[in-house]
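Visitor: Sending over a structure as structure tokens; questions will come in a sec.
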Amino acid sequence: MSSSADFRRQMPEASRDLRQPVSLSQRWHIDLPLLVLLLLLGGFGLLVLYSASGQNIYYMKRQIMFFILAFGVMFTVAQFRLKTMESWAVWFYGGGVFLLIMVLFFGVGAKGAQRWLSLGGFRFQPSEILKLAVPLMVTTYLSARILPPRFKHVFWTLTLIGVPTLLIMRQPDLGTSLLIASSGLLVLFFAGLSWKYIFSAVGLVVASAWPMWQFGLHDYQRQRILTLLNPEEDKLGAGWNIIQSKTAIGSGGFDGKGWLNGTQSQLNFLPESHTDFIIAVLAEEFGLRGVLLLMTLYILILGRGLWIAGNAQTTFGRLLAGSITFTFFIYIFVNIGMVTGLLPVVGVPLPLVSHGGTSIVTLMMGFGILMAVSTERRRVTI
Amino acid sequence: MSELHHIKDHHTEARIFTRRLIFAALVIVLLLSVLLVRFYNLQIVNHDEYVTQSDRNRVQVQPIPPTRGLIYDRHGQLLANNRPSYTLNIVKEQVDDLDQALLVLQTLINFRDGEIEKFNKRLKQRRRPFEPVPLRFRLTEEEIARVAVNEYRLPGVKVDAELVRDYPTGELLAHSVGYVGRINDRELERFDEETYRRYSGTYTIGKIGLEKQYEAELLGEVGYQYVETNARGRVLRVLERIDPVPGANLRLYLDSQVQQMAHQSLGENRGSVVAIEVATGGVLAMASTPSFNPNLFVTGISYKDYKALNESLDLPLYNRSIQGQYPPGSTLKPMLGLGALHHNVVDYRYSVPDPGYYQLEGDERLYRDWKRGGHGSRINLRQAITQSCDIYYYDMAFRMGIDRMHEFGVHFGLGQKVGIDIPSERKGLWPSRQWKRESRRLPWFPGDSLNVGLGQGYVLATPLQLAVMTATMARKGEFIAPKMVYKVGDQVLSAKRRAHEAQVNPSHWEHVHSAMVNVVHGLKGTAQGVRRGMNYRMAGKTGTAQVVGIAQEEEYDSEKLLERQRDHALFVAYAPAADPQIAVAVIVENGESGSSSAAPVARKVIDAYMASVASAEERASEQ
């Protein structure tokens, strides 16, 4: 092939990679270490879920179906070229924001919050789309600019983040809006946002804490924070969850009470045991050993994510992979922090362990992007 | 578009990114360490504390109430039973929304008027935490099923099988056996810690009668079970169980047949019968009419029913046998005559003229005999007892004096609690010089002695005291405290005996005894009407007492007033005369004449006793 011979002559270094036979995983756009880790985590999660749901086969079947669907989505996403993603970002983002506006008018929901859109019997939360659309959009925007970003670009980036954040806050869903905002801000951070800006933003947040507390929060939100500080005050009410989850974790000890033998979870003292509070079940039945195993899996996944980000060929890939990985970490931290009583109660599931389809599919879509970044062939950019 | 003129510096971007990535990795390591420290603290450092808390969550100690001891009569007939009953209980602490729960229950069960109100009242009363509050007693099978089906939407609502006290003999023994009722505020306040523990799981307590007196023995010892429960309080399994010790059964001296006859022969009258077994002091029958149904009180009497009982002029709630204080009238005559013989005030031949009245020296007042015109020219002691001559006793009382009369009467249980094992016994009044000085601030007048000699004036005695006096006469002076209970569990209660302190000459006993036999069997005996058809001999004494009124000053209508101003009729007796086995005291309020309304009751009661003894012997010989 003469064209490739020319190319080889021009760029002898890069040609060495191209000469190598393309591995199977490379061709299928699969990052093997990441895939293995995700399968291990999912398997361990199913084990815990079986116990946490009270040995409910129905939940198991649903969760397995979700996983199959989510892995399918991941493989599909992994096949896309980054360039394609970049070009779709605007539509993805624009569509998401449009749906959020629709929620404001036609949304359904419960307990005073409108979060769902109902389309022909199919209900979904548009805010889930934004969990990926926002970092994707911000990455697309920033990677086309000279970095570190200048003030003007920072301003537009913040606008891109702010619009969906505010819309979700209106639903109201403070937890999700903060998570989405941080996934966008992380891109900004990885893009090299000046520390000057970062410190002044942190300063601003601290200064506005008191007015926010007074005027910016709903009563139930304030209550959650108060409960965190003193769960004993309302033992049977808002403090119940925290007290029971701490009791479950603490009574598990190092060895745990054994699979299916956790009294807190099996006797229904632990609320939401198969969703947000599932790690308490794990900690009770498998003890600190089980926690360490889960943490190890998470750390390895995070490490692989960061490695992929560090080795990405393009700025776009780097920023997106970095943001997705760190957002994954935030989910872990917020959930575990909440269950162990370090953070207020916000509805964040434990990634890939808690029961719930939407969260798993969204997360795996993120890992699909990571795989796409990881297996993107080295390409020369001019 | 100005940045298009600049050239992207890929190397710088990559360098900055790598630095930021390392920073991010450090943040991740730091925060995960925070979480791990947290887990270490919860699971290792504070592990024991949380294990305790988790066990306290799942393991509950439940008290198991002991079964209350049963009460039997002397022949083994059941007088107080425990009957299984299903109660709809609500544990308020486990109910999310009480009003909602009550609304749901109303669709399942047809509540009677006032039932919900009563429940609300009970709810407000002081009670122990997690103590179930009953909403409905005696559920039917259908109601149980309806509640069970809807259990899932009624947290804190439960149907409990309980043993509820039941009195099969109904109003027959309401006063003496008594009844149990729910523990009320005042009782709960008096509980010390140990009592509180003993009653965990038990919600009733003896209120009156034997049920109250023998509460400690009947109650038993509470048991416990350690159960594992889920968050809704449902018991999943029993981890450990300490069985309760059932309360001791009571075996009474009481004979249901005798009791039945006593109650029945009082009929519609207000009155009382007390029958005592001479040999033991055991109470064979203790009736007080009108009576009431004690079963009404067990699960809580309705306000209407209670008001009716409490405000009735006939005072059905009042135990006349031990609380009714009546002037004993002439029933004291044999005992006082004995005292006069003992103190040589009179002898067998001593006689007084009976013109129909008696006069103290230097006093204008005429003390009249109950019989207009008197009993004849001269009357001796035997005649005075047989015919119940008042003139003889005026003379005797005057010459004997209050001090000797008082001292002698005390040996027969007058003016003191005779020590029956039923609460709220009253002691009557057996007056003395000292008593009058202290309570009336007056000296003793000779006229006072005359009244005491006739069992009138200040003198008051309960039917129980009269029965005890009569039994003591039958035993020739040996005083035995009367008692209801023969055996507690397997243990026979010993009798409290007191020998007659004044050693009376045996021939004096015989003399008075034969005079009492004459009351029933003599030609001029005041109670000769009852002897027809009698196949044993009976010693007795009639009495009639002017009404002082045991009732409060109520607004009577005039017809009732007249009826209630009639004299009380009394009769005391023991039989068989040669070897006394049973002593009886009868009072019929406003019965007018001891011989015509009280003596026949005593006769029937003694007949019933004789029949019961005969049939018991028959049964024994058959076996």
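To be explicit about the labels: the chains of the structure tokens are called A, B, and onward in the order shown, and within each one the residues are counted from 1, while ligands get numbers from 1 in the order they are shown.
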Leaving out Met60 in chain A and any residue of its chain fewer than 6 positions from it, which residues lie within 8 Å of it when counting only C-alpha atoms, given as a list in words?
Guide: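 Skipping anything fewer than 6 positions along the chain leaves Leu46, Leu49 and Tyr50 of chain A.
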Visitor: If you count only C-alpha atoms, which residues fall within 7 Å of Ala78 in chain A, apart from same-chain ones fewer than 2 positions away, as number ranges by chain?
Guide: A: 29, 74-76, 80, 368-369, 371-372
Visitor: With N, CA and C atoms retained, could you export that selection as a PDB file, in the first residue's frame?
Guide:
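So part_30.pdb came out as:
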ATOM      1  N   HIS A  29     -13.302  -2.195  20.658  1.00  0.00           N
ATOM      2  CA  HIS A  29     -13.351  -1.014  21.534  1.00  0.00           C
ATOM      3  C   HIS A  29     -13.700  -1.361  22.971  1.00  0.00           C
ATOM      4  N   MET A  74     -23.240   0.243  26.966  1.00  0.00           N
ATOM      5  CA  MET A  74     -21.813   0.579  27.094  1.00  0.00           C
ATOM      6  C   MET A  74     -21.047   0.172  25.832  1.00  0.00           C
ATOM      7  N   PHE A  75     -21.290  -1.078  25.384  1.00  0.00           N
ATOM      8  CA  PHE A  75     -20.587  -1.535  24.168  1.00  0.00           C
ATOM      9  C   PHE A  75     -20.942  -0.662  22.986  1.00  0.00           C
ATOM     10  N   THR A  76     -22.206  -0.312  22.860  1.00  0.00           N
ATOM     11  CA  THR A  76     -22.640   0.523  21.737  1.00  0.00           C
ATOM     12  C   THR A  76     -21.929   1.868  21.765  1.00  0.00           C
ATOM     13  N   PHE A  80     -18.587   4.339  19.150  1.00  0.00           N
ATOM     14  CA  PHE A  80     -18.577   5.658  18.503  1.00  0.00           C
ATOM     15  C   PHE A  80     -17.196   6.270  18.530  1.00  0.00           C
ATOM     16  N   GLY A 368     -18.857   3.470  28.792  1.00  0.00           N
ATOM     17  CA  GLY A 368     -18.746   3.293  27.341  1.00  0.00           C
ATOM     18  C   GLY A 368     -17.889   4.397  26.742  1.00  0.00           C
ATOM     19  N   ILE A 369     -18.139   5.627  27.188  1.00  0.00           N
ATOM     20  CA  ILE A 369     -17.331   6.750  26.689  1.00  0.00           C
ATOM     21  C   ILE A 369     -15.871   6.542  27.076  1.00  0.00           C
ATOM     22  N   MET A 371     -14.333   3.777  27.545  1.00  0.00           N
ATOM     23  CA  MET A 371     -13.753   2.745  26.683  1.00  0.00           C
ATOM     24  C   MET A 371     -13.459   3.294  25.294  1.00  0.00           C
ATOM     25  N   ALA A 372     -14.359   4.149  24.842  1.00  0.00           N
ATOM     26  CA  ALA A 372     -14.125   4.770  23.538  1.00  0.00           C
ATOM     27  C   ALA A 372     -12.842   5.598  23.573  1.00  0.00           C
TER      28      ALA A 372
END
Visitor: Got a sec to pull out which chain B residues are within 10 Å of chain A, counting only C-alpha atoms, and send them as a PyMOL selection string?
Guide: chain B and resi 1+3-4+6-10+12-25+27-29+31-32+34-36+38-55+57-58+228-234+236
Visitor: Can you spit out the residues from that selection as a PDB file, in the first residue's frame, using C-alpha atoms?
Guide:
ATOM      1  CA  MET B   1     -13.027  34.314  17.002  1.00  0.00           C
ATOM      2  CA  GLU B   3      -8.508  32.612  19.623  1.00  0.00           C
ATOM      3  CA  LEU B   4      -8.272  31.251  16.105  1.00  0.00           C
ATOM      4  CA  HIS B   6      -3.596  31.807  18.585  1.00  0.00           C
ATOM      5  CA  ILE B   7      -2.204  28.346  18.214  1.00  0.00           C
ATOM      6  CA  LYS B   8      -3.298  25.605  20.614  1.00  0.00           C
ATOM      7  CA  ASP B   9      -0.362  24.480  22.685  1.00  0.00           C
ATOM      8  CA  HIS B  10      -0.974  20.758  23.086  1.00  0.00           C
ATOM      9  CA  THR B  12       1.024  22.788  27.784  1.00  0.00           C
ATOM     10  CA  GLU B  13      -2.543  21.541  27.822  1.00  0.00           C
ATOM     11  CA  ALA B  14      -1.376  17.972  28.432  1.00  0.00           C
ATOM     12  CA  ARG B  15       0.997  19.106  31.158  1.00  0.00           C
ATOM     13  CA  ILE B  16      -1.651  21.138  32.945  1.00  0.00           C
ATOM     14  CA  PHE B  17      -4.084  18.253  32.616  1.00  0.00           C
ATOM     15  CA  THR B  18      -1.641  15.766  34.066  1.00  0.00           C
ATOM     16  CA  ARG B  19      -1.025  18.008  37.043  1.00  0.00           C
ATOM     17  CA  ARG B  20      -4.716  18.431  37.604  1.00  0.00           C
ATOM     18  CA  LEU B  21      -5.234  14.690  37.253  1.00  0.00           C
ATOM     19  CA  ILE B  22      -2.647  14.012  39.923  1.00  0.00           C
ATOM     20  CA  PHE B  23      -4.331  16.543  42.149  1.00  0.00           C
ATOM     21  CA  ALA B  24      -7.688  14.834  41.531  1.00  0.00           C
ATOM     22  CA  ALA B  25      -6.171  11.453  42.365  1.00  0.00           C
ATOM     23  CA  VAL B  27      -8.300  14.223  46.481  1.00  0.00           C
ATOM     24  CA  ILE B  28      -9.812  10.812  45.786  1.00  0.00           C
ATOM     25  CA  VAL B  29      -7.264   9.076  48.001  1.00  0.00           C
ATOM     26  CA  LEU B  31     -11.614  11.365  50.718  1.00  0.00           C
ATOM     27  CA  LEU B  32     -11.660   7.573  50.465  1.00  0.00           C
ATOM     28  CA  VAL B  34     -11.909   9.609  55.325  1.00  0.00           C
ATOM     29  CA  LEU B  35     -14.563   7.009  54.499  1.00  0.00           C
ATOM     30  CA  LEU B  36     -12.330   4.150  55.553  1.00  0.00           C
ATOM     31  CA  ARG B  38     -15.282   6.259  59.296  1.00  0.00           C
ATOM     32  CA  PHE B  39     -15.881   2.566  58.712  1.00  0.00           C
ATOM     33  CA  TYR B  40     -13.032   1.709  61.048  1.00  0.00           C
ATOM     34  CA  ASN B  41     -14.606   3.857  63.737  1.00  0.00           C
ATOM     35  CA  LEU B  42     -18.062   2.383  63.301  1.00  0.00           C
ATOM     36  CA  GLN B  43     -17.094  -1.231  62.813  1.00  0.00           C
ATOM     37  CA  ILE B  44     -14.040  -1.658  65.001  1.00  0.00           C
ATOM     38  CA  VAL B  45     -13.836   1.126  67.579  1.00  0.00           C
ATOM     39  CA  ASN B  46     -17.537   1.401  68.427  1.00  0.00           C
ATOM     40  CA  HIS B  47     -18.445  -2.116  67.379  1.00  0.00           C
ATOM     41  CA  ASP B  48     -19.664  -3.257  70.804  1.00  0.00           C
ATOM     42  CA  GLU B  49     -21.915  -0.270  71.257  1.00  0.00           C
ATOM     43  CA  TYR B  50     -23.599  -0.868  67.936  1.00  0.00           C
ATOM     44  CA  VAL B  51     -23.960  -4.576  68.584  1.00  0.00           C
ATOM     45  CA  THR B  52     -25.830  -3.701  71.773  1.00  0.00           C
ATOM     46  CA  GLN B  53     -27.990  -1.268  69.902  1.00  0.00           C
ATOM     47  CA  SER B  54     -28.713  -3.775  67.182  1.00  0.00           C
ATOM     48  CA  ASP B  55     -29.674  -6.415  69.731  1.00  0.00           C
ATOM     49  CA  ASN B  57     -33.506  -3.320  68.213  1.00  0.00           C
ATOM     50  CA  ARG B  58     -34.313  -6.862  67.425  1.00  0.00           C
ATOM     51  CA  GLU B 228     -36.818 -11.421  67.966  1.00  0.00           C
ATOM     52  CA  THR B 229     -39.008  -8.858  66.304  1.00  0.00           C
ATOM     53  CA  ASN B 230     -38.833  -6.960  63.069  1.00  0.00           C
ATOM     54  CA  ALA B 231     -39.065  -3.186  62.754  1.00  0.00           C
ATOM     55  CA  ARG B 232     -42.868  -3.313  62.882  1.00  0.00           C
ATOM     56  CA  GLY B 233     -42.841  -5.178  66.148  1.00  0.00           C
ATOM     57  CA  ARG B 234     -43.928  -8.505  64.681  1.00  0.00           C
ATOM     58  CA  LEU B 236     -40.500 -13.696  64.455  1.00  0.00           C
TER      59      LEU B 236
END
Visitor: Between B:Val37, B:Asn269, B:Ala578, B:Val258, which one has atoms that come closest to Asp607 in chain B, using only C-alpha atoms?
Guide: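 Of the candidates, the smallest distance to Asp607 in chain B is held by B:Val258.
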Visitor: Might you pull out every residue within 8 Å of Ala248 in chain B, with only C-alpha atoms counted and same-chain residues fewer than 3 positions away left off, and present them as a ChimeraX atom specification?
Guide: /B:68-70,217-220,488-489
Visitor: Could you work out how far CA of Glu407 in chain B lies from CA of Arg498 in chain B, giving the answer in Å with one decimal?
Guide: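 Atom-to-atom, CA of Arg498 in chain B to CA of Glu407 in chain B, that is 15.3 Å.
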Visitor: Can you pull out every residue within 7 Å of Gly282 in chain B, counting only C-alpha atoms, but drop anything in the same chain fewer than 5 positions away, and send it as a PyMOL selection string?
Guide: chain B and resi 253+276-277+482-484
Visitor: Could you please write out, as a ChimeraX atom specification, every residue of range 408-525 of chain B that DSSP assigns to strand (DSSP E or B)?
Guide: /B:429,460-461,479-480,483,485-488,491-492,497-498
Visitor: Create the file for the chosen residues now, containing N, CA and C atoms and written as an mmCIF file, in the first residue's frame.
Guide:
data_model
loop_
_atom_site.group_PDB
_atom_site.id
_atom_site.type_symbol
_atom_site.label_atom_id
_atom_site.label_comp_id
_atom_site.auth_asym_id
_atom_site.auth_seq_id
_atom_site.Cartn_x
_atom_site.Cartn_y
_atom_site.Cartn_z
ATOM 1 N N LEU B 429 -69.904 -1.343 117.346
ATOM 2 C CA LEU B 429 -69.666 -0.502 118.519
ATOM 3 C C LEU B 429 -70.137 -1.240 119.759
ATOM 4 N N LEU B 460 -73.772 -1.439 118.274
ATOM 5 C CA LEU B 460 -73.875 -1.796 116.868
ATOM 6 C C LEU B 460 -73.010 -3.025 116.618
ATOM 7 N N ALA B 461 -73.505 -3.909 115.767
ATOM 8 C CA ALA B 461 -72.709 -5.094 115.429
ATOM 9 C C ALA B 461 -72.985 -5.470 113.985
ATOM 10 N N PHE B 479 -62.896 -18.708 121.181
ATOM 11 C CA PHE B 479 -63.044 -17.749 120.087
ATOM 12 C C PHE B 479 -62.124 -18.154 118.934
ATOM 13 N N ILE B 480 -62.694 -18.320 117.730
ATOM 14 C CA ILE B 480 -61.867 -18.568 116.555
ATOM 15 C C ILE B 480 -62.179 -17.486 115.534
ATOM 16 N N LYS B 483 -62.914 -17.275 108.971
ATOM 17 C CA LYS B 483 -62.149 -17.100 107.740
ATOM 18 C C LYS B 483 -62.837 -17.769 106.565
ATOM 19 N N VAL B 485 -60.969 -18.644 103.619
ATOM 20 C CA VAL B 485 -60.086 -19.516 102.846
ATOM 21 C C VAL B 485 -59.568 -20.654 103.709
ATOM 22 N N TYR B 486 -59.736 -21.863 103.183
ATOM 23 C CA TYR B 486 -59.261 -23.056 103.866
ATOM 24 C C TYR B 486 -57.831 -23.359 103.429
ATOM 25 N N LYS B 487 -57.643 -23.369 102.104
ATOM 26 C CA LYS B 487 -56.324 -23.717 101.584
ATOM 27 C C LYS B 487 -55.875 -22.711 100.531
ATOM 28 N N VAL B 488 -54.620 -22.314 100.620
ATOM 29 C CA VAL B 488 -53.998 -21.553 99.543
ATOM 30 C C VAL B 488 -53.046 -22.515 98.865
ATOM 31 N N GLN B 491 -51.482 -25.459 100.863
ATOM 32 C CA GLN B 491 -51.203 -25.137 102.253
ATOM 33 C C GLN B 491 -52.487 -24.793 103.003
ATOM 34 N N VAL B 492 -52.761 -25.534 104.083
ATOM 35 C CA VAL B 492 -53.935 -25.267 104.905
ATOM 36 C C VAL B 492 -53.605 -24.127 105.860
ATOM 37 N N ARG B 497 -56.944 -19.070 117.206
ATOM 38 C CA ARG B 497 -57.850 -19.420 118.299
ATOM 39 C C ARG B 497 -57.532 -18.598 119.529
ATOM 40 N N ARG B 498 -58.572 -18.352 120.296
ATOM 41 C CA ARG B 498 -58.368 -17.632 121.548
ATOM 42 C C ARG B 498 -59.310 -18.276 122.559
#
Visitor: Can you tell me, as a list of chain:residue names, what residues are no more than 12 Å from Gly216 in chain A when counting only C-alpha atoms, ignoring any on the same chain fewer than 5 positions away?
Guide: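 In the requested format, the answer is A:Met169, A:Arg170, A:Pro172, A:Leu174, A:Ser208, A:Ala209, A:Trp210, A:Pro211, A:Gln221, A:Arg222.
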Visitor: Using the selection just defined, write its residues with C-alpha atoms as a PDB file, in the first residue's frame.
Guide:
ATOM      1  CA  MET A 169     -33.002  22.832  41.173  1.00  0.00           C
ATOM      2  CA  ARG A 170     -36.476  24.140  40.378  1.00  0.00           C
ATOM      3  CA  PRO A 172     -36.731  20.655  43.113  1.00  0.00           C
ATOM      4  CA  LEU A 174     -30.965  19.791  44.880  1.00  0.00           C
ATOM      5  CA  SER A 208     -23.062  32.801  50.945  1.00  0.00           C
ATOM      6  CA  ALA A 209     -23.587  29.779  53.183  1.00  0.00           C
ATOM      7  CA  TRP A 210     -25.621  31.636  55.807  1.00  0.00           C
ATOM      8  CA  PRO A 211     -27.974  33.454  53.375  1.00  0.00           C
ATOM      9  CA  GLN A 221     -33.524  20.184  53.070  1.00  0.00           C
ATOM     10  CA  ARG A 222     -32.689  22.136  56.199  1.00  0.00           C
TER      11      ARG A 222
END
Visitor: Any chance you could list, as a ChimeraX atom specification, the residues in range 27-161 of chain A that come up alpha helix (DSSP H) when DSSP is run on the backbone?
Guide: /A:27,32-52,57-79,82-106,126-143,151-161
Visitor: What separation in Å, quoted to one decimal, exists between CA of Ile64 in chain B and CA of Ile144 in chain B?
Guide: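 So the answer is 21.8 Å.
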Visitor: Excluding Thr362 in chain A and its own-chain neighbours fewer than 6 positions away, which residues fall within 12 Å of it when counting only C-alpha atoms? Please give them as a list in words.
Guide: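 Here the answer would be Phe66, Phe67, Leu69, Ala70, Phe71, Gly72, Val73, Met74, Val77, Gln125, Pro126, Ser127, Glu128, Ile129, Leu130, Lys131, Leu132, Ala133, Ile324, Thr327, Phe328, Pro351, Leu352, Gly356, Gly368 and Ile369 of chain A.
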Visitor: Could you check the closest approach to Gly239 in chain A for each of A:Lys196, A:Pro344, A:Leu282, A:Gly258 and tell me which residue wins, using only C-alpha atoms?
Guide: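 Of A:Lys196, A:Pro344, A:Leu282, A:Gly258, the one nearest Gly239 in chain A is A:Pro344, counting only C-alpha atoms.
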Visitor: Can you list, as a ChimeraX atom specification, every protein, DNA or RNA residue that comes within 7 Å of Leu454 in chain B when you count only C-alpha atoms, leaving out same-chain residues fewer than 2 positions away?
Guide: /B:329-330,390,393,450-452,456
